[in-house]
Number of protein chains: 2
Amino acid sequence: MKKLKNEKRVSIKDIAKRANVSIATVSNVINGKGRMSEKTIKIVKEAIKELGYTPNLSARNLKTNRSHLFGIIVPTVKGGKLHDNPFYWKFVSGVEVSMENKEYQVILKGIVEEEESFSFIQERQLDGVIVLGAYDDSKTVQKIKELGIPCVFVDSYLSNSDVFQVLIDDELGGYLATKHLIELGHEKIALLCDDPMVSPVLRKRFEGFKRALKEANISYDDRFFIQIPINAEGGYQGANTVIKKLNDATAIVTFSDITAMGVLKALKAANVSVPKEMSVVGFDGLFFSDYLTPSLTTVYQDIEMKGKIAADLLLRQMKGEEIEERTCILSVQLKKGESTKGVSPSVL
Amino acid sequence: MKKLKNEKRVSIKDIAKRANVSIATVSNVINGKGRMSEKTIKIVKEAIKELGYTPNLSARNLKTNRSHLFGIIVPTVKGGKLHDNPFYWKFVSGVEVSMENKEYQVILKGIVEEEESFSFIQERQLDGVIVLGAYDDSKTVQKIKELGIPCVFVDSYLSNSDVFQVLIDDELGGYLATKHLIELGHEKIALLCDDPMVSPVLRKRFEGFKRALKEANISYDDRFFIQIPINAEGGYQGANTVIKKLNDATAIVTFSDITAMGVLKALKAANVSVPKEMSVVGFDGLFFSDYLTPSLTTVYQDIEMKGKIAADLLLRQMKGEEIEERTCILSVQLKKGESTKGVSPSVL
DNA sequence: TTGAAAGCGGTACCAC
DNA sequence: GTGGTACCGCTTTCAA
């Protein structure tokens, strides 16, 4: 005989009724707190199974002030655009690996600092946040710190040493890319890059670039710096600028594989052979870099590991663990592909 | 003089006290319900601003049974691995566009059907879910439907016409890819694909493949079907198989750009020139397909649009809107690149 | 070992 | 128009 059920979700109360115990006991069984007889535990557990109970996290969160939710926040990148860059995905992937079986869920959110507020962090009671690519003076840092919740800053170069940070050795990356070219005999090296002043990450890489030049006694020449947005289109445009205005350049350094991808396309379209007439170096070591033609010489960073470590730091903070080493700097390495070779003897 | 504050978050009560009204009134102001005098509204709003109040969503959710959270669920793909496929990024991107300024947050979750339960949907009180790539008999469909929450199935070919679905014309896609090659004179066309029986999407594309052959009176030959996992490595291996065992093949059809990418790499490594000696077709039209060498001829689908529409259907369901057309099928089109050309006269 | 009850921060009904 | 209050589902203290 079918009952017209109210279809309400089963709650702790229903379990209590079914098991003939109080809701407090049910709660204790669920959370494994207090001491109860084996018998009650069994009865309650059976009731839970029979009735198909699942806890209501809203209620639990309300009471405990914890949400088991945390955020990955990317300032400066608007929602939709976030997903154009494989970097973020690799990162999230790493985060999720660390989160596996920890009962946390992740909310990924792109933010435009000027427009958006951070109220959702409070509203949702996020237990912690990972922030990507902030910088010392950004509002984001200020606001997040005000909230006083566990957080980890990635690629942010914050000067405050109390803050948890994950970085890579960007300076080394810029250095390695450039040095590699120099060792191959290149001297006229164009750099395609967004304004290094807006991002500490780019600034570091830029410094590495200059260090390599200096070490080789090659003077830095402004003409060889081409400012472009860091994306494929930027690379495309930038490469065309090189072709048109810097006909003595024999190599191009970019600070992202995505940019390099655009560079390769432009060079191909202009019939400039890579690496014969022009060497190209990328940065990141994203999955496709190996599948381009020619395959890309690039500065590899372990993005997934970055995500893992960030998540790990966050989890440990949330547990209230004492953490001595608050900044983690990952190394990078040059991954040689086919896009670079020795400079050909100039034909006169 | 500093007070030792309890540092508790300001709640509706604090606002009520500050504004000298009841919490009911505050709630009404916040939600714009009921009729109140302009004056009270102003006072309350000021108090909210002064105290920096943000609502506690857990509390609200508890009361209203809505979470303003929804899930994008990918069965068959385990958490971390989800992010290896640009398809999902693009899709999520579309979803977020539709969600813009709707106060919803998205949780992306890969699931292994066998292992995982769907309890998180209930626990978090998700207001709705978008499921990618389920199929009629999958547990996922059954379970989600039992939950009775708004949902949209994408790429799932569910036979139940009551269900909300977004699809592309996969059959047409398979057909177009193949027909294009046939028109170029190819007859020995290898197909690299995962088992079409496990996924309705692949089955449809496979059917399109066969239809094109049939139309051209080319008999389908089992030898030319190479089963591989749909990823770059699969493409790489598959192409090598073609090289070794099918030396009469002049073209390769794949059902994903990622696969095609692997194919191109293998062919390049084996010194098989594309498209001169072998034509290659991809599927999806992902961002990098245009940057490969040669650029990929591929079946383009508007993944972002898929995401937009799915999100839109979901939002409308949640609003309780009447929706007549429950299944949306997007078209696809052939995007010609450099990876296909007419078959060269066979050299004897 | 178990249970009664207060209360987390809201919403919504109903009385004034 | 405004306010009192029950209640959402759960955790937790304290008493039995």
# chains A, B, ... in the order shown; residues from 1 in each chain; ligands from 1
$ select_by_dssp --residues "segment 58-273 of chain B" --states "helix (DSSP H, G or I)" --output "VMD selection string"
chain B and resid 58 to 64 79 to 84 86 to 99 119 to 123 139 to 147 170 to 183 200 to 215 222 to 224 232 to 245 257 to 269
$ interface_residues --of "chain A" --to "chain B" --cutoff "8 Å" --atoms "only C-alpha atoms" --output "ChimeraX atom specification"
/A:54-59,61-62,79-84,86,89-90,92-94,96-97,105-108,119,122-125,261-262,264-265,288,291-293
$ interface_residues --of "chain C" --to "chain B" --cutoff "9 Å" --atoms "only C-alpha atoms (C1' of nucleotides)" --output "PyMOL selection string"
chain C and resi 8-12
$ write_last_selection --atoms "N, CA and C atoms (P, O5', C5', C4', C3', O3' and C1' of nucleotides)" --output "mmCIF file, in the first residue's frame"
data_model
loop_
_atom_site.group_PDB
_atom_site.id
_atom_site.type_symbol
_atom_site.label_atom_id
_atom_site.label_comp_id
_atom_site.auth_asym_id
_atom_site.auth_seq_id
_atom_site.Cartn_x
_atom_site.Cartn_y
_atom_site.Cartn_z
ATOM 1 P P DC C 8 23.107 31.587 19.258
ATOM 2 O "O5'" DC C 8 23.909 31.390 17.912
ATOM 3 C "C5'" DC C 8 25.047 30.536 17.826
ATOM 4 C "C4'" DC C 8 25.054 29.913 16.454
ATOM 5 C "C3'" DC C 8 24.468 30.830 15.392
ATOM 6 O "O3'" DC C 8 25.533 31.535 14.753
ATOM 7 C "C1'" DC C 8 23.677 28.535 15.176
ATOM 8 P P DG C 9 25.408 33.128 14.645
ATOM 9 O "O5'" DG C 9 24.434 33.295 13.408
ATOM 10 C "C5'" DG C 9 24.870 32.832 12.141
ATOM 11 C "C4'" DG C 9 23.719 32.915 11.179
ATOM 12 C "C3'" DG C 9 23.076 34.303 11.091
ATOM 13 O "O3'" DG C 9 22.864 34.563 9.721
ATOM 14 C "C1'" DG C 9 21.436 32.686 11.532
ATOM 15 P P DG C 10 22.538 35.950 9.209
ATOM 16 O "O5'" DG C 10 21.591 35.534 8.010
ATOM 17 C "C5'" DG C 10 20.226 35.696 8.130
ATOM 18 C "C4'" DG C 10 19.516 34.439 7.699
ATOM 19 C "C3'" DG C 10 18.114 34.715 7.218
ATOM 20 O "O3'" DG C 10 18.092 34.611 5.811
ATOM 21 C "C1'" DG C 10 18.152 32.993 8.906
ATOM 22 P P DT C 11 16.922 35.339 5.057
ATOM 23 O "O5'" DT C 11 15.675 34.406 5.361
ATOM 24 C "C5'" DT C 11 15.658 33.091 4.843
ATOM 25 C "C4'" DT C 11 14.300 32.475 5.073
ATOM 26 C "C3'" DT C 11 13.128 33.285 4.521
ATOM 27 O "O3'" DT C 11 12.242 32.337 3.939
ATOM 28 C "C1'" DT C 11 12.815 32.925 6.833
ATOM 29 P P DA C 12 11.056 32.802 2.996
ATOM 30 O "O5'" DA C 12 9.813 32.634 3.965
ATOM 31 C "C5'" DA C 12 9.571 31.363 4.556
ATOM 32 C "C4'" DA C 12 8.392 31.491 5.492
ATOM 33 C "C3'" DA C 12 7.281 32.391 4.943
ATOM 34 O "O3'" DA C 12 6.055 31.867 5.396
ATOM 35 C "C1'" DA C 12 8.023 33.251 6.972
#
$ interface_residues --of "chain D" --to "chain A" --cutoff "12 Å" --atoms "only C-alpha atoms (C1' of nucleotides)" --output "short mmCIF file (atom, residue, chain, number, x, y, z; two decimals) with N, CA and C atoms (P, O5', C5', C4', C3', O3' and C1' of nucleotides), in the first residue's frame"
data_model
loop_
_atom_site.label_atom_id
_atom_site.label_comp_id
_atom_site.auth_asym_id
_atom_site.auth_seq_id
_atom_site.Cartn_x
_atom_site.Cartn_y
_atom_site.Cartn_z
P DC D 8 10.97 22.00 11.56
"O5'" DC D 8 12.01 21.97 10.36
"C5'" DC D 8 11.88 22.77 9.20
"C4'" DC D 8 13.24 23.11 8.69
"C3'" DC D 8 14.30 22.08 9.09
"O3'" DC D 8 14.49 21.17 8.02
"C1'" DC D 8 15.06 24.37 9.42
P DG D 9 14.51 19.61 8.33
"O5'" DG D 9 15.99 19.37 8.86
"C5'" DG D 9 17.08 19.64 7.99
"C4'" DG D 9 18.36 19.51 8.76
"C3'" DG D 9 18.53 18.20 9.53
"O3'" DG D 9 19.82 17.71 9.22
"C1'" DG D 9 18.86 20.02 10.97
P DC D 10 20.39 16.40 9.88
"O5'" DC D 10 21.41 17.02 10.92
"C5'" DC D 10 22.47 17.83 10.41
"C4'" DC D 10 23.09 18.61 11.54
"C3'" DC D 10 23.77 17.78 12.61
"O3'" DC D 10 25.18 17.85 12.40
"C1'" DC D 10 22.52 19.62 13.52
P DT D 11 26.14 17.01 13.36
"O5'" DT D 11 26.44 18.03 14.53
"C5'" DT D 11 27.13 19.23 14.22
"C4'" DT D 11 27.36 20.02 15.48
"C3'" DT D 11 28.22 19.33 16.53
"O3'" DT D 11 29.08 20.34 17.05
"C1'" DT D 11 26.17 19.96 17.50
P DT D 12 30.34 19.98 17.98
"O5'" DT D 12 29.81 20.35 19.42
"C5'" DT D 12 29.28 21.65 19.65
"C4'" DT D 12 28.71 21.72 21.05
"C3'" DT D 12 29.47 20.87 22.08
"O3'" DT D 12 29.57 21.62 23.26
"C1'" DT D 12 27.19 20.33 22.13
P DT D 13 30.86 21.43 24.18
"O5'" DT D 13 30.27 21.93 25.57
"C5'" DT D 13 29.41 23.06 25.56
"C4'" DT D 13 28.26 22.86 26.53
"C3'" DT D 13 28.69 22.27 27.89
"O3'" DT D 13 28.21 23.11 28.92
"C1'" DT D 13 26.82 21.09 27.02
#
$ calpha_fit_rmsd --fixed "chain A" --moving "chain B"
0.1 Å
$ select_by_dssp --residues "segment 9-234 of chain B" --states "strand (DSSP E)" --output "PyMOL selection string"
chain B and resi 69-75+105-111+128-132+151-154+165-168+189-193+225-227
$ residues_around --residues "DG3 of chain D" --least-positions-apart "4" --cutoff "12 Å" --atoms "only C-alpha atoms (C1' of nucleotides)" --output "compact mmCIF listing (two decimals) with N, CA and C atoms (P, O5', C5', C4', C3', O3' and C1' of nucleotides), in the first residue's frame"
# COMPACT_ATOMS: atom_id res chain seq x y z
N ALA B 16 19.52 44.35 13.53
CA ALA B 16 18.24 44.70 14.14
C ALA B 16 18.45 45.63 15.33
N ASN B 20 17.34 49.41 15.50
CA ASN B 20 16.15 49.49 16.34
C ASN B 20 14.89 48.95 15.68
N VAL B 21 15.07 47.83 15.03
CA VAL B 21 13.90 47.16 14.45
C VAL B 21 14.00 45.69 14.80
N SER B 22 13.04 44.93 14.37
CA SER B 22 13.09 43.50 14.67
C SER B 22 13.87 42.77 13.58
N ILE B 23 14.28 41.56 13.91
CA ILE B 23 15.03 40.81 12.90
C ILE B 23 14.14 40.50 11.70
N ALA B 24 12.86 40.38 11.94
CA ALA B 24 11.95 40.11 10.83
C ALA B 24 12.02 41.23 9.81
N THR B 25 12.05 42.43 10.32
CA THR B 25 12.11 43.58 9.42
C THR B 25 13.42 43.59 8.65
N VAL B 26 14.49 43.31 9.36
CA VAL B 26 15.77 43.27 8.68
C VAL B 26 15.73 42.26 7.55
N SER B 27 15.23 41.10 7.87
CA SER B 27 15.14 40.05 6.86
C SER B 27 14.33 40.53 5.66
N ASN B 28 13.23 41.18 5.96
CA ASN B 28 12.39 41.69 4.89
C ASN B 28 13.12 42.70 4.01
P DC C 13 4.78 32.10 4.52
O5' DC C 13 3.65 31.63 5.53
C5' DC C 13 3.97 30.65 6.52
C4' DC C 13 3.44 31.10 7.87
C3' DC C 13 2.10 31.84 7.79
O3' DC C 13 1.18 31.22 8.66
C1' DC C 13 3.65 33.06 9.10
P DC C 14 -0.38 31.55 8.57
O5' DC C 14 -0.57 32.47 9.84
C5' DC C 14 0.05 32.11 11.08
C4' DC C 14 0.01 33.29 12.02
C3' DC C 14 -1.28 34.11 11.92
O3' DC C 14 -1.74 34.36 13.23
C1' DC C 14 0.58 35.52 11.71
P DA C 15 -3.20 34.83 13.47
O5' DA C 15 -2.95 35.92 14.60
C5' DA C 15 -2.05 35.62 15.66
C4' DA C 15 -1.46 36.92 16.19
C3' DA C 15 -2.51 38.00 16.49
O3' DA C 15 -2.25 38.53 17.77
C1' DA C 15 -0.85 38.85 15.01
P DC C 16 -3.28 39.44 18.47
O5' DC C 16 -2.67 40.89 18.28
C5' DC C 16 -1.36 41.17 18.83
C4' DC C 16 -0.88 42.44 18.21
C3' DC C 16 -1.85 43.63 18.34
O3' DC C 16 -1.24 44.63 19.13
C1' DC C 16 -0.90 43.52 16.17
$ atom_distance --atom1 "atom CA of Leu191 of chain B" --atom2 "atom CA of Asp257 of chain B"
13.3 Å
$ residues_around --residues "Ala251 of chain B" --least-positions-apart "5" --cutoff "7 Å" --atoms "only C-alpha atoms (C1' of nucleotides)" --output "ChimeraX atom specification"
/B:186,188-190,278-280
$ write_last_selection --atoms "N, CA and C atoms" --output "compact mmCIF listing (two decimals), in the first residue's frame"
# COMPACT_ATOMS: atom_id res chain seq x y z
N HIS B 186 39.92 9.66 -51.04
CA HIS B 186 40.37 8.59 -50.16
C HIS B 186 39.36 7.46 -50.10
N LYS B 188 40.69 4.17 -48.54
CA LYS B 188 41.21 3.36 -47.44
C LYS B 188 41.38 4.27 -46.23
N ILE B 189 40.32 4.36 -45.48
CA ILE B 189 40.31 5.31 -44.37
C ILE B 189 40.31 4.59 -43.03
N ALA B 190 41.35 4.81 -42.27
CA ALA B 190 41.42 4.17 -40.95
C ALA B 190 40.65 5.01 -39.94
N MET B 278 49.49 11.08 -45.90
CA MET B 278 48.38 10.66 -45.03
C MET B 278 47.56 11.88 -44.65
N SER B 279 46.27 11.78 -44.84
CA SER B 279 45.39 12.85 -44.38
C SER B 279 44.87 12.51 -42.99
N VAL B 280 44.63 13.52 -42.19
CA VAL B 280 44.17 13.30 -40.82
C VAL B 280 43.03 14.25 -40.49
$ residues_around --residues "Phe283 of chain B" --least-positions-apart "6" --cutoff "7 Å" --atoms "only C-alpha atoms (C1' of nucleotides)" --output "count of residues only"
7
$ atom_distance --atom1 "atom CA of Asp137 of chain A" --atom2 "atom CA of Leu330 of chain A"
23.6 Å
$ atom_distance --atom1 "atom CA of Ile329 of chain B" --atom2 "atom CA of Ser161 of chain B"
13.1 Å
$ residues_around --residues "DT1 of chain C" --least-positions-apart "2" --cutoff "8 Å" --atoms "only C-alpha atoms (C1' of nucleotides)" --output "MDAnalysis selection string"
chainID A and resid 35:37
$ write_last_selection --atoms "C-alpha atoms" --output "PDB file, in the first residue's frame"
ATOM      1  CA  ARG A  35      31.174   6.612  24.258  1.00  0.00           C
ATOM      2  CA  MET A  36      28.175   4.518  23.424  1.00  0.00           C
ATOM      3  CA  SER A  37      27.443   0.873  23.667  1.00  0.00           C
TER       4      SER A  37
END
